[in-house]
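Asks: mmCIF, C-alpha atoms and all ligand atoms, saved as protein_1.cif, coming up:
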data_run
loop_
_atom_site.label_atom_id
_atom_site.label_comp_id
_atom_site.auth_asym_id
_atom_site.auth_seq_id
_atom_site.Cartn_x
_atom_site.Cartn_y
_atom_site.Cartn_z
CA GLY A 831 23.24 -1.65 5.43
CA ALA A 832 19.95 -2.39 7.08
CA GLY A 833 20.98 -6.00 7.67
CA HIS A 834 20.60 -6.01 11.42
CA ARG A 835 17.55 -3.85 11.77
CA PRO A 836 14.41 -5.75 12.75
CA GLY A 837 11.17 -5.14 10.89
CA PRO A 838 10.22 -5.16 7.23
CA VAL A 839 12.83 -4.88 4.45
CA ALA A 840 10.59 -2.41 2.64
CA VAL A 841 7.12 -0.98 3.14
CA LEU A 842 5.29 0.03 -0.04
CA VAL A 843 2.75 2.84 0.11
CA GLY A 844 0.91 4.67 -2.64
CA PRO A 845 -2.50 4.99 -4.25
CA MET A 846 -4.88 2.31 -5.42
CA GLY A 847 -3.81 0.92 -8.75
CA VAL A 848 -0.12 1.75 -8.49
CA GLY A 849 0.81 -1.93 -8.21
CA LYS A 850 1.98 -2.22 -4.61
CA SER A 851 1.09 -5.92 -4.45
CA THR A 852 2.47 -6.73 -7.89
CA VAL A 853 5.75 -4.88 -7.38
CA GLY A 854 5.95 -6.14 -3.80
CA ARG A 855 5.70 -9.76 -4.91
CA VAL A 856 8.40 -9.28 -7.54
CA LEU A 857 10.61 -7.58 -4.99
CA ALA A 858 10.09 -10.31 -2.40
CA GLU A 859 10.92 -12.96 -4.99
CA ARG A 860 14.09 -11.12 -6.02
CA LEU A 861 15.24 -10.83 -2.40
CA GLY A 862 14.12 -14.29 -1.34
CA VAL A 863 11.95 -12.91 1.46
CA GLY A 864 8.24 -13.09 2.21
CA PHE A 865 5.56 -10.73 0.95
CA ARG A 866 2.71 -9.49 3.10
CA ASP A 867 -0.22 -7.24 2.22
CA THR A 868 -2.24 -5.67 5.04
CA ASP A 869 -5.45 -5.71 2.94
CA GLU A 870 -5.12 -9.50 2.80
CA ASP A 871 -4.49 -9.70 6.55
CA ILE A 872 -7.62 -7.62 7.23
CA VAL A 873 -9.75 -9.71 4.87
CA ARG A 874 -8.55 -12.95 6.44
CA ALA A 875 -9.18 -11.68 10.00
CA ALA A 876 -12.62 -10.25 9.14
CA GLY A 877 -13.65 -13.22 7.02
CA LYS A 878 -15.05 -10.96 4.29
CA PRO A 879 -13.83 -8.77 1.45
CA VAL A 880 -12.76 -5.14 1.95
CA SER A 881 -15.87 -3.93 0.12
CA ASP A 882 -18.11 -5.76 2.63
CA ILE A 883 -16.20 -4.32 5.59
CA PHE A 884 -16.79 -0.82 4.20
CA VAL A 885 -20.51 -1.47 3.68
CA ASP A 886 -21.18 -3.34 6.95
CA GLU A 887 -18.88 -1.49 9.35
CA GLY A 888 -17.86 1.75 7.63
CA GLU A 889 -14.55 3.29 6.62
CA PRO A 890 -13.56 4.47 10.16
CA ARG A 891 -13.79 0.88 11.42
CA PHE A 892 -11.79 -0.30 8.40
CA ARG A 893 -9.05 2.22 9.31
CA GLU A 894 -8.94 0.79 12.86
CA LEU A 895 -8.62 -2.76 11.57
CA GLU A 896 -5.96 -1.51 9.18
CA ARG A 897 -3.99 0.21 11.97
CA GLN A 898 -3.99 -3.07 13.90
CA ALA A 899 -2.94 -5.01 10.81
CA VAL A 900 -0.08 -2.57 10.15
CA ALA A 901 1.02 -2.75 13.81
CA ASP A 902 1.11 -6.55 13.67
CA ALA A 903 2.90 -6.59 10.31
CA VAL A 904 5.63 -4.08 11.16
CA ALA A 905 6.29 -5.92 14.41
CA GLY A 906 6.36 -9.41 12.98
CA HIS A 907 7.25 -9.34 9.31
CA ARG A 908 10.82 -9.36 7.99
CA GLY A 909 10.07 -9.18 4.28
CA ILE A 910 8.23 -6.85 1.93
CA LEU A 911 5.06 -5.22 3.20
CA ALA A 912 2.39 -3.50 1.10
CA LEU A 913 -0.19 -1.22 2.73
CA GLY A 914 -3.64 -0.24 1.44
CA GLY A 915 -3.77 3.08 -0.39
CA GLY A 916 -5.58 4.85 2.45
CA ALA A 917 -3.48 3.58 5.35
CA VAL A 918 -1.58 6.88 5.54
CA MET A 919 -4.83 8.71 6.34
CA ASP A 920 -4.72 7.43 9.91
CA ASP A 921 -2.43 9.29 12.34
CA GLY A 922 -1.76 6.16 14.38
CA THR A 923 -0.85 4.16 11.28
CA ARG A 924 1.52 6.89 10.10
CA ALA A 925 3.19 6.90 13.50
CA LEU A 926 3.84 3.16 13.16
CA LEU A 927 5.85 3.83 9.99
CA ALA A 928 8.38 6.18 11.60
CA GLY A 929 11.93 5.04 10.92
CA LEU A 930 10.93 2.24 8.54
CA PRO A 931 12.18 1.87 4.93
CA VAL A 932 8.98 3.19 3.35
CA VAL A 933 8.84 3.70 -0.43
CA PHE A 934 6.09 5.71 -2.13
CA LEU A 935 5.08 4.14 -5.44
CA ASP A 936 3.68 6.95 -7.57
CA VAL A 937 1.51 6.77 -10.69
CA GLY A 938 -0.70 8.98 -12.84
CA VAL A 939 -4.48 8.73 -12.84
CA GLY A 940 -4.72 7.12 -16.27
CA GLU A 941 -2.45 4.20 -15.46
CA ALA A 942 -3.92 3.78 -11.96
CA VAL A 943 -7.51 3.52 -13.15
CA LYS A 944 -6.43 1.10 -15.86
CA ARG A 945 -4.58 -1.09 -13.35
CA VAL A 946 -7.36 -1.00 -10.73
CA GLY A 947 -9.82 -2.18 -13.33
CA LEU A 948 -7.80 -5.35 -13.64
CA ASN A 949 -8.45 -6.71 -10.13
CA ALA A 950 -10.48 -6.59 -6.90
CA PRO A 951 -13.22 -3.92 -6.68
CA ARG A 952 -12.36 -0.80 -4.64
CA PRO A 953 -15.29 0.59 -2.63
CA LEU A 954 -13.87 4.11 -2.79
CA LEU A 955 -13.76 4.05 -6.60
CA ALA A 956 -17.23 2.63 -7.21
CA VAL A 957 -18.55 5.88 -8.73
CA ASN A 958 -16.58 8.32 -10.96
CA PRO A 959 -13.34 6.41 -10.48
CA ARG A 960 -11.07 8.92 -12.27
CA GLN A 961 -12.36 11.92 -10.35
CA ARG A 962 -12.45 10.08 -7.04
CA TRP A 963 -8.91 8.80 -7.55
CA ARG A 964 -7.67 12.35 -8.28
CA GLU A 965 -9.39 13.74 -5.16
CA LEU A 966 -7.96 11.02 -2.95
CA MET A 967 -4.48 11.50 -4.41
CA GLU A 968 -4.67 15.26 -3.84
CA GLN A 969 -5.43 14.63 -0.14
CA ARG A 970 -2.93 11.84 0.28
CA ARG A 971 0.11 12.81 -1.77
CA PRO A 972 1.53 14.95 1.07
CA LEU A 973 1.07 12.03 3.48
CA TYR A 974 2.78 9.51 1.17
CA THR A 975 5.63 11.98 0.84
CA GLU A 976 5.77 12.53 4.59
CA VAL A 977 6.12 8.84 5.50
CA ALA A 978 8.37 7.77 2.63
CA ARG A 979 12.13 7.99 2.34
CA ALA A 980 12.02 7.51 -1.43
CA VAL A 981 9.61 7.88 -4.35
CA VAL A 982 9.50 5.54 -7.35
CA THR A 983 7.34 6.42 -10.35
CA THR A 984 5.80 3.45 -12.07
CA ASP A 985 3.95 4.80 -15.14
CA ASP A 986 6.73 3.95 -17.53
CA ARG A 987 8.06 0.91 -15.69
CA THR A 988 7.19 -2.77 -15.74
CA PRO A 989 6.73 -4.36 -12.30
CA GLU A 990 10.26 -5.81 -12.64
CA GLU A 991 11.71 -2.39 -13.44
CA ALA A 992 9.78 -0.78 -10.59
CA ALA A 993 11.06 -3.44 -8.19
CA GLU A 994 14.61 -2.72 -9.38
CA ALA A 995 14.08 1.01 -8.78
CA VAL A 996 12.81 0.28 -5.25
CA LEU A 997 15.94 -1.77 -4.56
CA ASP A 998 18.09 1.12 -5.78
CA ALA A 999 16.14 3.52 -3.57
CA LEU A 1000 16.45 1.50 -0.37
C1 LIG B 1101 -8.14 1.91 -0.08
C2 LIG B 1101 -7.25 1.13 -0.78
C3 LIG B 1101 -7.38 -0.33 -0.89
C4 LIG B 1101 -8.13 -0.89 0.31
C5 LIG B 1101 -9.42 -0.17 0.50
C6 LIG B 1101 -9.24 1.33 0.72
C7 LIG B 1101 -7.95 3.38 -0.07
O1 LIG B 1101 -6.09 -0.91 -0.99
O2 LIG B 1101 -7.35 -0.81 1.47
O3 LIG B 1101 -10.21 -0.40 -0.63
O4 LIG B 1101 -8.52 4.05 0.81
O5 LIG B 1101 -7.20 3.89 -0.95
P1 LIG B 1101 -5.21 -0.87 -2.35
O6 LIG B 1101 -4.40 0.39 -2.34
O7 LIG B 1101 -4.35 -2.08 -2.23
O8 LIG B 1101 -6.17 -0.94 -3.48
#
Before anything else, please render the file you have as structure tokens.
Ligand code: S3P
Replies:
Amino acid sequence: GAGHRPGPVAVLVGPMGVGKSTVGRVLAERLGVGFRDTDEDIVRAAGKPVSDIFVDEGEPRFRELERQAVADAVAGHRGILALGGGAVMDDGTRALLAGLPVVFLDVGVGEAVKRVGLNAPRPLLAVNPRQRWRELMEQRRPLYTEVARAVVTTDDRTPEEAAEAVLDAL
């Protein structure tokens, strides 16, 4: 049991469009704990959407803001935490995840692009989304695997089923 360990109950990582926020909210509801999403923390602190941060300040600056948001969240949040798809790209951010109950939510390109199309615009998928998504996943898959203690595939699962699988994996 992880009952006495401080820090988040679960940290969800994985690519854009996998459903980290959707599954995370279901999971938090099931467990009766809070849900936190570092993208939302960054947007609130910056006072502008992720896409504007990328345009105005660049991706390296976004990764710094993200590292700070992850540091704050892992220190202060006791519920479910979802990270942005690229958070694992930053060495400092990965270091912050050591020892935490990190779960990699996996998905195929077809489902991911379909799901991403349903919500907020992603600056990194603005052009050739399928190809860009594949390239990013190729780079990042080893990093998701490195930080995670379990992998849950979501292609053939509803958010409720995926949340259940995360619970089983924890
Ligand atoms: C990014 C993923 C996004 C957001 C930003 C960059 C990435 O989060 O942090 O657009 O590099 O994969 P989601 O995974 O929640 O879409």
Asks: Restricting the calculation to only C-alpha atoms: of A:Val900, A:Gly854, A:Arg908, A:Pro890, which residue gets closest to A:Gly837?
Replies: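 Once distances to A:Gly837 are computed over only C-alpha atoms, the minimum belongs to A:Arg908.
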Asks: One decimal, in Å: what's the spacing between atom C3 of ligand LIG 1101 (chain B) and atom CA of A:Thr983?
Replies: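 Pair atom C3 of ligand LIG 1101 (chain B) / atom CA of A:Thr983 returns 18.8 Å.
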Asks: Distance table requested - chain A against ligand LIG 1101 (chain B), cut-off 8 Å, all atoms listed in the file: one row per qualifying residue with the closest atom pair and its distance in Å to one decimal, ordered by chain and rising residue number, as CSV.
Replies:
residue,atom,partner,partner_atom,distance
A:Val843,CA,B:LIG1101,O6,7.9
A:Gly844,CA,B:LIG1101,O6,6.8
A:Pro845,CA,B:LIG1101,O6,5.3
A:Met846,CA,B:LIG1101,O6,3.7
A:Gly847,CA,B:LIG1101,O8,6.1
A:Val848,CA,B:LIG1101,O6,7.6
A:Gly849,CA,B:LIG1101,O7,7.9
A:Lys850,CA,B:LIG1101,O7,6.8
A:Ser851,CA,B:LIG1101,O7,7.0
A:Asp867,CA,B:LIG1101,O7,8.0
A:Thr868,CA,B:LIG1101,O2,7.9
A:Asp869,CA,B:LIG1101,O2,5.5
A:Val880,CA,B:LIG1101,O3,6.0
A:Ser881,CA,B:LIG1101,O3,6.7
A:Glu896,CA,B:LIG1101,O2,7.9
A:Ala912,CA,B:LIG1101,O7,7.7
A:Leu913,CA,B:LIG1101,O7,6.5
A:Gly914,CA,B:LIG1101,O1,3.5
A:Gly915,CA,B:LIG1101,O6,3.4
A:Gly916,CA,B:LIG1101,O4,3.5
A:Ala917,CA,B:LIG1101,O4,6.8
A:Val946,CA,B:LIG1101,O8,7.3
A:Ala950,CA,B:LIG1101,O8,7.9
A:Pro951,CA,B:LIG1101,O3,7.6
A:Arg952,CA,B:LIG1101,O3,4.6
A:Pro953,CA,B:LIG1101,O3,5.5
A:Leu954,CA,B:LIG1101,O3,6.2
A:Leu966,CA,B:LIG1101,O5,7.4
Asks: Could you state the separation of atom CA of A:Ala928 and atom CA of A:Arg945 in Å, given to one decimal place?
Replies: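 Between atom CA of A:Ala928 and atom CA of A:Arg945 the gap works out to 29.0 Å.
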Asks: Here is a test: counting only C-alpha atoms, which residue of A:Ala925, A:Ala992, A:Ile883, A:Met967 is nearest to A:Arg897?
Replies: A:Ala925
